[in-house]
file final.csv (CSV, C-alpha atoms)
chain,number,residue,atom,x,y,z
H,1,MET,CA,4.3,6.3,16.2
H,2,LYS,CA,0.8,5.9,14.9
H,3,ILE,CA,0.7,6.0,11.1
H,4,SER,CA,-2.8,4.8,10.4
H,5,ASP,CA,-5.9,3.8,12.3
H,6,ARG,CA,-4.6,0.4,13.2
H,7,ILE,CA,-0.9,0.5,12.3
H,8,TYR,CA,2.0,1.9,14.3
H,9,LEU,CA,5.7,2.2,13.5
H,10,VAL,CA,7.4,1.0,16.7
H,11,GLY,CA,11.0,0.3,15.5
H,12,SER,CA,13.2,1.7,12.7
H,13,GLY,CA,16.9,1.8,12.4
H,14,LYS,CA,19.6,3.5,10.3
H,15,PHE,CA,18.0,2.8,7.0
H,16,GLY,CA,14.7,4.2,8.2
H,17,MET,CA,13.5,6.7,10.8
H,18,GLU,CA,16.2,6.2,13.5
H,19,LEU,CA,13.3,5.4,15.9
H,20,SER,CA,15.2,2.5,17.6
H,21,GLU,CA,18.5,0.7,17.5
H,22,PRO,CA,20.4,1.2,14.2
H,23,THR,CA,20.4,-2.4,13.1
H,24,ASP,CA,16.6,-2.6,13.4
H,25,CYS,CA,14.4,-2.9,10.3
H,26,ASN,CA,11.0,-1.1,10.3
H,27,VAL,CA,9.0,-2.9,12.9
H,28,TYR,CA,5.2,-2.4,12.6
H,29,LEU,CA,2.4,-3.1,15.0
H,30,ILE,CA,-1.1,-4.0,13.9
H,31,ASP,CA,-3.9,-3.4,16.3
H,32,GLY,CA,-6.6,-6.0,15.9
H,33,GLY,CA,-8.7,-4.7,18.8
H,34,THR,CA,-8.7,-7.6,21.2
H,35,GLU,CA,-5.0,-8.4,20.4
H,36,CYS,CA,-2.1,-7.1,18.4
H,37,ALA,CA,0.8,-8.4,16.3
H,38,LEU,CA,4.2,-7.2,15.4
H,39,ILE,CA,5.5,-7.4,11.8
H,40,ASP,CA,9.2,-8.3,12.2
H,41,ALA,CA,11.3,-8.1,15.4
H,42,GLY,CA,14.3,-5.9,14.7
H,43,GLY,CA,17.9,-6.8,15.1
H,44,GLY,CA,17.8,-7.8,18.8
H,45,ILE,CA,20.5,-5.5,20.1
H,46,GLU,CA,18.3,-3.1,22.1
H,47,PRO,CA,14.8,-4.5,21.8
H,48,GLU,CA,13.8,-2.5,24.9
H,49,ARG,CA,13.7,0.6,22.7
H,50,ILE,CA,10.9,-1.0,20.7
H,51,VAL,CA,9.0,-1.7,23.9
H,52,ASP,CA,9.5,1.9,25.0
H,53,ASN,CA,8.0,3.1,21.7
H,54,LEU,CA,5.1,0.8,22.2
H,55,ARG,CA,4.4,2.1,25.7
H,56,ARG,CA,4.7,5.7,24.5
H,57,ASP,CA,1.9,4.9,22.0
H,58,GLY,CA,-0.2,3.5,24.9
H,59,ILE,CA,0.2,-0.2,23.9
H,60,GLY,CA,1.3,-2.6,26.5
H,61,PRO,CA,3.4,-5.5,25.2
H,62,GLU,CA,1.1,-7.9,26.9
H,63,ARG,CA,-1.5,-7.1,24.2
H,64,ILE,CA,0.7,-8.5,21.5
H,65,ARG,CA,0.0,-12.1,20.7
H,66,TYR,CA,2.0,-12.7,17.6
H,67,CYS,CA,5.2,-11.6,15.8
H,68,LEU,CA,5.1,-12.3,12.1
H,69,LEU,CA,8.5,-12.5,10.4
H,70,THR,CA,8.9,-11.6,6.7
H,71,HIS,CA,12.2,-13.4,6.5
H,72,ALA,CA,15.2,-14.7,8.4
H,73,HIS,CA,17.8,-11.9,8.0
H,74,ALA,CA,19.0,-10.7,11.3
H,75,ASP,CA,17.8,-7.1,11.2
H,76,HIS,CA,14.2,-8.6,10.9
H,77,ALA,CA,14.4,-11.8,13.0
H,78,ALA,CA,17.2,-11.7,15.6
H,79,GLY,CA,14.9,-9.8,18.0
H,80,ALA,CA,12.3,-12.6,18.0
H,81,ARG,CA,13.8,-14.5,20.9
H,82,TYR,CA,13.6,-11.4,23.2
H,83,PHE,CA,9.9,-10.9,22.5
H,84,HIS,CA,9.2,-14.7,22.8
H,85,ASP,CA,11.0,-15.0,26.1
H,86,THR,CA,10.1,-11.7,27.7
H,87,TYR,CA,6.4,-11.4,26.8
H,88,GLY,CA,5.4,-14.9,25.6
H,89,ILE,CA,4.7,-13.6,22.0
H,90,GLU,CA,4.2,-16.4,19.5
H,91,ILE,CA,6.6,-16.3,16.5
H,92,ILE,CA,5.1,-17.0,13.1
H,93,ALA,CA,7.2,-17.4,9.9
H,94,SER,CA,7.5,-19.2,6.6
H,95,ALA,CA,8.6,-22.9,6.8
H,96,GLU,CA,12.1,-22.1,5.7
H,97,THR,CA,12.5,-19.0,7.9
H,98,GLY,CA,11.0,-21.0,10.9
H,99,GLU,CA,13.4,-23.9,10.4
H,100,TRP,CA,16.5,-21.7,10.3
H,101,LEU,CA,15.4,-19.5,13.2
H,102,GLU,CA,14.6,-22.5,15.4
H,103,ARG,CA,18.2,-23.7,15.1
H,104,GLY,CA,19.8,-20.3,15.0
H,105,ASP,CA,21.3,-21.0,11.6
H,106,THR,CA,23.7,-18.1,10.9
H,107,VAL,CA,24.7,-19.6,7.5
H,108,LYS,CA,21.2,-19.9,6.0
H,109,ALA,CA,20.2,-16.5,7.4
H,110,SER,CA,23.4,-15.0,5.9
H,111,VAL,CA,24.5,-13.7,9.2
H,112,ASP,CA,28.1,-15.1,8.9
H,113,HIS,CA,28.4,-13.5,5.4
H,114,ALA,CA,27.1,-10.2,6.8
H,115,LYS,CA,29.7,-10.3,9.6
H,116,ARG,CA,32.5,-10.9,7.1
H,117,GLY,CA,31.2,-7.8,5.2
H,118,GLY,CA,31.2,-5.7,8.3
H,119,VAL,CA,27.4,-5.4,8.5
H,120,TYR,CA,27.3,-6.8,12.0
H,121,PRO,CA,30.1,-6.9,14.6
H,122,GLN,CA,31.9,-10.3,15.1
H,123,ASP,CA,30.3,-10.8,18.5
H,124,TYR,CA,26.8,-10.2,17.1
H,125,ARG,CA,24.3,-12.9,18.3
H,126,TYR,CA,21.5,-14.5,16.2
H,127,PRO,CA,19.7,-16.5,18.9
H,128,ALA,CA,17.6,-19.6,18.1
H,129,CYS,CA,14.0,-19.1,18.8
H,130,PRO,CA,10.9,-21.4,19.0
H,131,VAL,CA,8.4,-20.9,16.2
H,132,ALA,CA,4.7,-21.5,17.0
H,133,ARG,CA,3.4,-21.7,13.4
H,134,THR,CA,4.8,-21.8,9.9
H,135,LEU,CA,3.1,-20.4,6.8
H,136,ALA,CA,2.6,-21.2,3.1
H,137,ASP,CA,1.5,-19.0,0.3
H,138,GLY,CA,-2.2,-18.0,0.8
H,139,ASP,CA,-2.4,-18.9,4.5
H,140,ARG,CA,-4.4,-16.5,6.6
H,141,ILE,CA,-3.6,-15.2,10.0
H,142,ARG,CA,-6.3,-13.6,12.2
H,143,ILE,CA,-5.3,-10.9,14.7
H,144,GLY,CA,-8.4,-9.9,16.6
H,145,ASP,CA,-10.7,-8.6,13.8
H,146,VAL,CA,-7.9,-8.2,11.3
H,147,GLU,CA,-7.1,-10.9,8.8
H,148,LEU,CA,-3.8,-11.0,6.9
H,149,ARG,CA,-3.0,-13.1,3.8
H,150,THR,CA,0.5,-14.6,3.3
H,151,ILE,CA,2.2,-14.0,0.0
H,152,ASP,CA,5.2,-16.1,-0.9
H,153,SER,CA,7.8,-13.6,-2.1
H,154,PRO,CA,11.3,-15.0,-2.6
H,155,GLY,CA,14.0,-13.0,-4.5
H,156,HIS,CA,15.6,-10.9,-1.8
H,157,ALA,CA,15.8,-14.0,0.3
H,158,ARG,CA,14.5,-17.6,0.4
H,159,GLY,CA,11.6,-18.1,2.7
H,160,HIS,CA,10.5,-14.4,2.3
H,161,VAL,CA,6.8,-13.7,2.7
H,162,CYS,CA,4.7,-10.5,2.6
H,163,PHE,CA,1.4,-9.9,4.3
H,164,LEU,CA,-1.6,-8.3,2.7
H,165,TRP,CA,-4.5,-6.8,4.7
H,166,GLU,CA,-7.6,-5.7,2.9
H,167,GLU,CA,-9.8,-3.3,4.8
H,168,GLY,CA,-12.2,-0.6,3.9
H,169,GLY,CA,-11.5,-0.9,0.2
H,170,ARG,CA,-7.7,-0.5,0.7
H,171,ARG,CA,-5.0,-3.0,0.2
H,172,ASN,CA,-2.2,-2.7,2.8
H,173,LEU,CA,1.0,-4.5,1.9
H,174,PHE,CA,3.6,-5.3,4.5
H,175,ALA,CA,6.4,-6.0,2.1
H,176,GLY,CA,9.5,-6.8,4.2
H,177,ASP,CA,12.5,-6.3,1.9
H,178,THR,CA,10.9,-7.0,-1.4
H,179,VAL,CA,10.2,-3.4,-2.6
H,180,PHE,CA,10.5,0.1,-1.2
H,181,ALA,CA,9.4,3.6,-1.8
H,182,GLY,CA,10.5,4.9,-5.2
H,183,GLY,CA,10.5,1.4,-6.7
H,184,LYS,CA,13.7,0.4,-5.0
H,185,VAL,CA,14.8,-3.1,-4.1
H,186,VAL,CA,17.6,-4.7,-2.1
H,187,VAL,CA,19.8,-7.0,-4.2
H,188,GLN,CA,22.7,-8.4,-2.1
H,189,TYR,CA,25.6,-10.6,-2.6
H,190,VAL,CA,24.2,-13.5,-0.5
H,191,TRP,CA,23.4,-17.1,-1.4
H,192,ASP,CA,19.7,-16.8,-1.7
H,193,CYS,CA,19.2,-13.4,-3.4
H,194,ILE,CA,18.0,-14.7,-6.8
H,195,LEU,CA,17.1,-12.2,-9.6
H,196,GLU,CA,14.7,-14.4,-11.5
H,197,GLU,CA,12.7,-15.1,-8.3
H,198,TYR,CA,12.9,-11.4,-7.4
H,199,ALA,CA,11.4,-10.4,-10.8
H,200,ASP,CA,8.6,-13.0,-10.4
H,201,THR,CA,7.8,-11.6,-7.0
H,202,LEU,CA,7.6,-8.0,-8.2
H,203,ALA,CA,5.3,-9.1,-11.0
H,204,LYS,CA,3.1,-10.8,-8.4
H,205,LEU,CA,3.1,-7.8,-6.1
H,206,HIS,CA,2.3,-5.5,-9.0
H,207,ARG,CA,-0.8,-7.5,-9.8
H,208,LEU,CA,-2.1,-6.9,-6.2
H,209,GLY,CA,-2.8,-3.2,-6.8
H,210,ALA,CA,-1.7,-2.3,-3.3
H,211,ASN,CA,-2.8,1.1,-2.0
H,212,ARG,CA,-0.4,1.4,0.9
H,213,LEU,CA,3.1,0.0,1.4
H,214,PHE,CA,4.7,-0.7,4.7
H,215,ALA,CA,8.3,-1.7,3.7
H,216,GLY,CA,11.0,-3.1,5.8
H,217,HIS,CA,13.2,0.0,5.6
H,218,GLY,CA,12.8,3.7,4.6
H,219,PRO,CA,9.5,5.5,4.3
H,220,PHE,CA,6.0,3.9,4.4
H,221,LEU,CA,3.5,5.0,1.7
H,222,LEU,CA,-0.1,5.8,2.6
H,223,ASP,CA,-1.4,6.1,-0.9
H,224,ARG,CA,-0.4,5.2,-4.5
H,225,ALA,CA,1.8,2.3,-3.5
H,226,ASP,CA,1.0,0.6,-6.7
H,227,VAL,CA,2.8,3.3,-8.7
H,228,HIS,CA,6.0,2.7,-6.7
H,229,ILE,CA,5.8,-1.1,-7.0
H,230,GLU,CA,5.2,-0.8,-10.7
H,231,LYS,CA,8.5,1.1,-11.2
H,232,ALA,CA,10.4,-1.9,-9.8
H,233,HIS,CA,8.3,-4.3,-11.8
H,234,ARG,CA,8.9,-2.4,-15.1
H,235,CYS,CA,12.6,-2.3,-14.5
H,236,PHE,CA,12.7,-6.1,-14.3
H,237,GLU,CA,10.5,-6.4,-17.4
H,238,ARG,CA,13.1,-4.3,-19.3
H,239,LEU,CA,15.8,-6.8,-18.2
H,240,GLU,CA,17.2,-4.1,-15.9
H,241,ILE,CA,17.7,-4.2,-12.1
H,242,PRO,CA,15.8,-1.6,-10.1
H,243,PRO,CA,17.8,0.9,-8.0
H,244,ASN,CA,19.1,-0.5,-4.8
H,245,LEU,CA,17.9,1.0,-1.5
call {"tool": "encode", "arguments": {"input": "final.csv", "output": "structure tokens"}}
result
Amino acid sequence: MKISDRIYLVGSGKFGMELSEPTDCNVYLIDGGTECALIDAGGGIEPERIVDNLRRDGIGPERIRYCLLTHAHADHAAGARYFHDTYGIEIIASAETGEWLERGDTVKASVDHAKRGGVYPQDYRYPACPVARTLADGDRIRIGDVELRTIDSPGHARGHVCFLWEEGGRRNLFAGDTVFAGGKVVVQYVWDCILEEYADTLAKLHRLGANRLFAGHGPFLLDRADVHIEKAHRCFERLEIPPNL
């Protein structure tokens, strides 16, 4: 589903648009002209549905060079192995996310905890996957004629990164699970969801003045994203916790 000149929503599960398998996060595609990139990979249960959406939008998966992961949680990262093995797509992630994904670490990625909580079935697989490149804060990734900047953004999870694309005077923020429409967040009972880090991340994202927000779940925002981000930031400033998605 084309949502902007260069951006498509190609996957979205039960907390989004029900465009693909229910465990999928929002999976975006950025069209850089000569090559494309996915932002996140979905939950890996029926990744073919994401490919079907790509083809319906006229995009062959062979045009996709990279898959950029915002973090290691299964609904965002477990599909990476399929895209790597099936289409030769290079997986890019933060250093922590990359390390956990390469060894299929279900403890660090909180998959075991999520299984105990009934989020995933007991036979759910989180396959290890090779990672071509790891990122640090401020690193830049070029996708054809598009350049993204990496923003270190822990709080929801360790190793979480966002991606910022500045084009035509607009700031497009691919926020993963840091912040959502309406100023919502996702605070979870997992080892690496840390409120102090979350508050610091929202302050950092607020300073960006983003125009558009492409979050990991729920609706995307094509204008006034800064207003929504500010809501979450102000809640933390008041020593409160923003509403949970």
call {"tool": "closest_residue", "arguments": {"input": "final.csv", "among": "H:Ala225, H:Val107, H:Leu239, H:Ala37", "to": "H:Trp191", "atoms": "all atoms listed in the file"}}
result
H:Val107
call {"tool": "closest_residue", "arguments": {"input": "final.csv", "among": "H:Ala210, H:Cys25, H:Leu135, H:Leu202", "to": "H:Gly176", "atoms": "only C-alpha atoms"}}
result
H:Cys25
call {"tool": "closest_residue", "arguments": {"input": "final.csv", "among": "H:Ile64, H:Leu208, H:Ala199, H:Ala215", "to": "H:Glu240", "atoms": "only C-alpha atoms"}}
result
H:Ala199
call {"tool": "closest_residue", "arguments": {"input": "final.csv", "among": "H:Leu173, H:Leu68, H:Leu213, H:Ala41", "to": "H:Phe83", "atoms": "only C-alpha atoms"}}
result
H:Ala41
call {"tool": "closest_residue", "arguments": {"input": "final.csv", "among": "H:Leu222, H:Val186, H:Val161, H:Leu19", "to": "H:Val51", "atoms": "all atoms listed in the file"}}
result
H:Leu19
call {"tool": "residues_near_point", "arguments": {"input": "final.csv", "point": "(1.0, -17.4, -0.8)", "cutoff": "12 Å", "atoms": "all atoms listed in the file", "output": "mmCIF file with C-alpha atoms, in the frame of the given file"}}
result
data_model
loop_
_atom_site.group_PDB
_atom_site.id
_atom_site.type_symbol
_atom_site.label_atom_id
_atom_site.label_comp_id
_atom_site.auth_asym_id
_atom_site.auth_seq_id
_atom_site.Cartn_x
_atom_site.Cartn_y
_atom_site.Cartn_z
ATOM 1 C CA SER H 94 7.500 -19.200 6.600
ATOM 2 C CA LEU H 135 3.100 -20.400 6.800
ATOM 3 C CA ALA H 136 2.600 -21.200 3.100
ATOM 4 C CA ASP H 137 1.500 -19.000 0.300
ATOM 5 C CA GLY H 138 -2.200 -18.000 0.800
ATOM 6 C CA ASP H 139 -2.400 -18.900 4.500
ATOM 7 C CA ARG H 140 -4.400 -16.500 6.600
ATOM 8 C CA ILE H 141 -3.600 -15.200 10.000
ATOM 9 C CA LEU H 148 -3.800 -11.000 6.900
ATOM 10 C CA ARG H 149 -3.000 -13.100 3.800
ATOM 11 C CA THR H 150 0.500 -14.600 3.300
ATOM 12 C CA ILE H 151 2.200 -14.000 0.000
ATOM 13 C CA ASP H 152 5.200 -16.100 -0.900
ATOM 14 C CA SER H 153 7.800 -13.600 -2.100
ATOM 15 C CA PRO H 154 11.300 -15.000 -2.600
ATOM 16 C CA GLY H 159 11.600 -18.100 2.700
ATOM 17 C CA HIS H 160 10.500 -14.400 2.300
ATOM 18 C CA VAL H 161 6.800 -13.700 2.700
ATOM 19 C CA CYS H 162 4.700 -10.500 2.600
ATOM 20 C CA PHE H 163 1.400 -9.900 4.300
ATOM 21 C CA LEU H 164 -1.600 -8.300 2.700
ATOM 22 C CA THR H 201 7.800 -11.600 -7.000
ATOM 23 C CA LYS H 204 3.100 -10.800 -8.400
ATOM 24 C CA LEU H 205 3.100 -7.800 -6.100
#
call {"tool": "closest_residue", "arguments": {"input": "final.csv", "among": "H:Ala72, H:Val187, H:Ala175, H:Ile194", "to": "H:Ile229", "atoms": "only C-alpha atoms"}}
result
H:Ala175
call {"tool": "build_atoms", "arguments": {"input": "final.csv", "residues": "stretch 115-134 of chain H", "atoms": "N, CA and C atoms", "output": "CSV table (one decimal), keeping the file's coordinate frame"}}
result
chain,number,residue,atom,x,y,z
H,115,LYS,N,28.6,-10.6,8.7
H,115,LYS,CA,29.7,-10.3,9.6
H,115,LYS,C,31.0,-10.1,8.9
H,116,ARG,N,31.3,-11.0,7.9
H,116,ARG,CA,32.5,-10.9,7.1
H,116,ARG,C,32.5,-9.5,6.4
H,117,GLY,N,31.3,-9.1,6.0
H,117,GLY,CA,31.2,-7.8,5.2
H,117,GLY,C,31.1,-6.6,6.1
H,118,GLY,N,31.2,-6.8,7.4
H,118,GLY,CA,31.2,-5.7,8.3
H,118,GLY,C,29.8,-5.1,8.6
H,119,VAL,N,28.8,-5.8,8.2
H,119,VAL,CA,27.4,-5.4,8.5
H,119,VAL,C,27.1,-5.5,10.0
H,120,TYR,N,27.5,-6.6,10.6
H,120,TYR,CA,27.3,-6.8,12.0
H,120,TYR,C,28.7,-7.0,12.7
H,121,PRO,N,28.9,-6.7,13.9
H,121,PRO,CA,30.1,-6.9,14.6
H,121,PRO,C,30.3,-8.4,14.8
H,122,GLN,N,31.6,-8.8,15.0
H,122,GLN,CA,31.9,-10.3,15.1
H,122,GLN,C,31.2,-11.0,16.3
H,123,ASP,N,30.9,-10.2,17.3
H,123,ASP,CA,30.3,-10.8,18.5
H,123,ASP,C,28.7,-10.7,18.4
H,124,TYR,N,28.2,-10.4,17.3
H,124,TYR,CA,26.8,-10.2,17.1
H,124,TYR,C,26.1,-11.6,17.3
H,125,ARG,N,25.0,-11.7,18.0
H,125,ARG,CA,24.3,-12.9,18.3
H,125,ARG,C,23.0,-13.0,17.5
H,126,TYR,N,22.8,-14.2,16.9
H,126,TYR,CA,21.5,-14.5,16.2
H,126,TYR,C,20.9,-15.7,17.0
H,127,PRO,N,20.1,-15.4,18.0
H,127,PRO,CA,19.7,-16.5,18.9
H,127,PRO,C,18.6,-17.4,18.3
H,128,ALA,N,18.7,-18.7,18.5
H,128,ALA,CA,17.6,-19.6,18.1
H,128,ALA,C,16.4,-19.2,18.8
H,129,CYS,N,15.2,-19.5,18.2
H,129,CYS,CA,14.0,-19.1,18.8
H,129,CYS,C,12.9,-20.1,18.4
H,130,PRO,N,12.0,-20.5,19.3
H,130,PRO,CA,10.9,-21.4,19.0
H,130,PRO,C,9.9,-20.7,18.1
H,131,VAL,N,9.4,-21.4,17.1
H,131,VAL,CA,8.4,-20.9,16.2
H,131,VAL,C,7.1,-21.6,16.4
H,132,ALA,N,6.0,-20.9,16.6
H,132,ALA,CA,4.7,-21.5,17.0
H,132,ALA,C,4.0,-22.0,15.8
H,133,ARG,N,4.2,-21.3,14.6
H,133,ARG,CA,3.4,-21.7,13.4
H,133,ARG,C,4.2,-21.3,12.2
H,134,THR,N,4.2,-22.2,11.1
H,134,THR,CA,4.8,-21.8,9.9
H,134,THR,C,3.7,-21.6,8.8
